[in-house]
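Raw start.txt, compact mmCIF, C-alpha atoms:
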```
# COMPACT_ATOMS: atom_id res chain seq x y z
CA MET X 25 239.68 169.88 106.74
CA PHE X 26 240.44 169.25 110.38
CA LEU X 27 243.06 166.66 111.33
CA PRO X 28 243.12 166.17 115.11
CA GLU X 29 246.30 164.13 115.13
CA GLY X 30 248.73 166.44 116.86
CA THR X 31 251.99 168.02 115.89
CA TRP X 32 253.75 164.66 115.53
CA THR X 33 252.19 164.27 112.10
CA LEU X 34 253.78 167.50 110.89
CA SER X 35 256.29 165.89 108.55
CA THR X 36 253.57 163.77 106.92
CA VAL X 37 251.34 166.79 106.31
CA GLU X 38 254.27 168.86 105.01
CA TYR X 39 255.14 166.02 102.59
CA THR X 40 251.69 166.29 100.99
CA GLY X 41 252.29 169.92 100.01
CA ILE X 42 248.94 170.97 101.51
CA ASN X 43 248.76 174.58 102.67
CA PHE X 44 247.94 174.11 106.37
CA GLY X 45 248.15 175.69 109.78
CA GLU X 46 248.05 174.47 113.35
CA THR X 47 245.74 175.52 116.13
CA TYR X 48 244.59 174.47 119.56
CA MET X 49 242.55 171.33 119.93
CA ILE X 50 238.78 171.40 119.75
CA THR X 51 237.06 173.07 122.67
CA TYR X 52 233.49 172.32 123.65
CA ASP X 53 233.11 175.32 125.97
CA THR X 54 234.33 178.65 124.59
CA ASN X 55 234.41 180.07 128.12
CA ASN X 56 236.79 177.33 129.27
CA MET X 57 239.49 176.85 126.63
CA LEU X 58 241.44 173.67 127.22
CA GLN X 59 244.60 172.40 125.56
CA TRP X 60 246.33 169.09 125.77
CA ALA X 61 249.98 168.65 124.89
CA SER X 62 252.63 166.19 125.85
CA SER X 63 256.16 165.26 125.04
CA HIS X 64 258.67 162.58 125.85
CA GLN X 65 259.40 161.76 129.45
CA PHE X 66 262.34 159.73 130.66
CA VAL X 67 262.64 157.95 133.98
CA ILE X 68 265.11 155.74 135.75
CA PRO X 69 263.32 152.72 137.19
CA ARG X 70 263.95 151.74 140.78
CA ASN X 71 264.78 148.08 141.06
CA ASP X 72 267.44 145.70 142.32
CA LYS X 73 269.03 145.41 138.87
CA MET X 74 269.88 149.13 138.67
CA THR X 75 273.57 149.77 139.10
CA ASP X 76 275.40 153.09 139.27
CA GLU X 77 276.90 152.27 135.88
CA LYS X 78 273.45 151.73 134.32
CA ALA X 79 272.06 154.85 136.00
CA ASN X 80 274.96 156.94 134.69
CA ALA X 81 274.48 155.54 131.18
CA ILE X 82 270.79 156.44 131.32
CA MET X 83 271.65 159.98 132.47
CA ASP X 84 274.18 160.30 129.63
CA PHE X 85 271.48 159.27 127.15
CA ILE X 86 268.94 161.71 128.63
CA ALA X 87 271.51 164.53 128.51
CA PHE X 88 272.32 163.72 124.86
CA VAL X 89 268.65 163.71 123.91
CA GLY X 90 268.10 166.98 125.76
CA GLU X 91 270.96 168.67 123.98
CA ASN X 92 270.05 167.28 120.54
CA CYS X 93 266.26 167.24 120.41
CA TYR X 94 265.73 170.04 117.90
CA GLU X 95 265.27 167.41 115.17
CA TRP X 96 262.25 166.02 117.04
CA ALA X 97 260.83 169.53 117.28
CA ASP X 98 261.51 170.09 113.58
CA TYR X 99 259.38 167.05 112.80
CA GLY X 100 256.53 168.30 114.95
CA GLN X 101 257.17 167.22 118.53
CA ILE X 102 256.90 169.61 121.42
CA PRO X 103 260.55 169.89 122.51
CA ALA X 104 261.52 167.30 125.09
CA SER X 105 264.04 169.65 126.67
CA LYS X 106 264.01 173.29 127.69
CA ALA X 107 267.53 173.54 126.26
CA VAL X 108 266.15 173.45 122.70
CA LEU X 109 264.03 176.53 123.39
CA SER X 110 267.14 178.69 123.17
CA ASP X 111 267.64 177.54 119.56
CA SER X 112 266.48 180.42 117.33
CA ARG X 113 265.14 177.91 114.79
CA VAL X 114 262.33 177.10 117.25
CA ASN X 115 260.73 180.46 116.39
CA ASP X 116 259.96 179.17 112.88
CA LEU X 117 258.17 176.00 114.01
CA PRO X 118 254.41 175.86 113.34
CA GLN X 119 253.83 174.45 116.84
CA LYS X 120 255.59 177.46 118.43
CA PHE X 121 252.26 178.79 119.76
CA LEU X 122 252.07 175.68 121.97
CA ILE X 123 255.62 176.17 123.21
CA ASP X 124 254.75 179.78 124.12
CA ASN X 125 251.71 178.70 126.14
CA PRO X 126 252.89 177.44 129.55
CA ASP X 127 249.43 176.02 130.26
CA ALA X 128 249.91 173.64 127.32
CA LEU X 129 253.24 172.32 128.59
CA VAL X 130 252.21 170.68 131.83
CA ILE X 131 253.40 167.15 132.45
CA SER X 132 250.43 165.10 133.51
CA ASP X 133 251.00 162.65 136.30
CA TYR X 134 247.36 161.62 136.36
CA ILE X 135 247.35 157.91 137.14
CA TYR X 136 244.60 157.20 134.58
CA TYR X 137 246.15 159.29 131.78
CA GLY X 138 246.05 156.32 129.37
CA ALA X 139 242.32 155.85 129.91
CA VAL X 140 241.66 159.51 129.10
CA VAL X 141 243.81 159.39 125.96
CA GLU X 142 241.97 156.26 124.80
CA ALA X 143 238.63 158.02 125.27
CA LEU X 144 239.85 161.02 123.27
CA ASP X 145 241.20 158.85 120.49
CA THR X 146 238.22 156.53 120.17
CA VAL X 147 235.19 158.62 121.09
CA ALA X 148 235.66 162.36 121.55
CA TYR X 149 237.24 163.00 118.17
CA GLU X 150 234.12 161.61 116.46
CA ILE X 151 232.30 164.80 117.49
CA PRO X 152 233.93 167.29 115.08
CA PHE X 153 233.32 164.92 112.18
CA GLY X 154 229.59 164.91 112.92
CA ARG X 155 229.45 161.18 113.59
CA VAL X 156 228.39 161.75 117.21
CA LYS X 157 226.44 164.56 118.85
CA PRO X 158 228.59 166.52 121.35
CA ALA X 159 226.55 165.56 124.45
CA ASP X 160 226.50 161.89 123.44
CA GLY X 161 230.21 161.82 122.57
CA LEU X 162 231.27 163.45 125.82
CA GLN X 163 229.03 161.11 127.81
CA SER X 164 230.47 158.08 125.96
CA ALA X 165 234.03 159.30 126.55
CA GLN X 166 233.33 159.80 130.26
CA GLN X 167 231.81 156.32 130.51
CA LEU X 168 234.78 154.75 128.71
CA VAL X 169 237.18 156.37 131.17
CA GLU X 170 235.11 155.28 134.16
CA ASP X 171 234.87 151.71 132.84
CA ASN X 172 238.61 151.53 132.20
CA ILE X 173 239.39 152.80 135.70
CA LYS X 174 236.95 150.34 137.27
CA ASN X 175 238.48 147.42 135.34
CA GLN X 176 242.09 148.12 136.36
```

For this file, write the structure as structure tokens.
Amino acid sequence: MFLPEGTWTLSTVEYTGINFGETYMITYDTNNMLQWASSHQFVIPRNDKMTDEKANAIMDFIAFVGENCYEWADYGQIPASKAVLSDSRVNDLPQKFLIDNPDALVISDYIYYGAVVEALDTVAYEIPFGRVKPADGLQSAQQLVEDNIKNQ
């Protein structure tokens, strides 16, 4: 069985009692291994309504989350803060191999990130289930991204 849902479904899979493991996402070119990972990102919006008091409250929240995000990691998330990496419990997490791979922990600032994720979720993941041939699925995913970009 292959469940390409990501580490965030960890607690659900553990609940089933199934003996499972985690691995990198599907690669279509064994000479060019690719991995996609993401985590939570927090920002402070720039607008006229932002006050120093609101900005400080946001920073307090972000600091709290950063210092207390092991629970997210325990339920499958890639840690949202480097601070949690010093917690020895992280070594027992099934997604630790992703944490150890710096290439998998790059924050994407690609403007059309949402279009790519939609293509992965709706088209590309049909390939490993045999519902779409690899060349056709990749072409459909590429076209979906291009169409979404053109229509923005």

Skip Gln167 in chain X itself and residues of its chain fewer than 2 positions away, then list as a PyMOL selection string all residues within 12 Å of it, counting only C-alpha atoms. chain X and resi 139-140+142-144+147-148+160-165+169-174

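For Val89 in chain X, the set of protein, DNA and RNA residues having any atom at most 12 Å away, when counting only C-alpha atoms and skipping those fewer than 3 positions along the same chain, is His64, Gln65, Phe66, Ile82, Met83, Asp84, Phe85, Ile86, Asn92, Cys93, Tyr94, Glu95, Trp96, Ala97, Pro103, Ala104, Ser105, Lys106, Ala107 and Val108 of chain X.
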
Any idea what's packed within 7 Å of Gln119 in chain X, counting all atoms listed in the file, ignoring anything in its chain fewer than 2 positions away? Could you give it as a ChimeraX atom specification? /X:31,46,100,117,121-123

For CA of Val114 in chain X and CA of Ile102 in chain X, quote the distance in Å rounded to one decimal. 10.1 Å

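The interatomic distance for the pair CA of Ala159 in chain X and CA of Asp53 in chain X works out to 11.9 Å.
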
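From CA of Glu150 in chain X back to CA of Leu168 in chain X, the distance works out to 14.1 Å.
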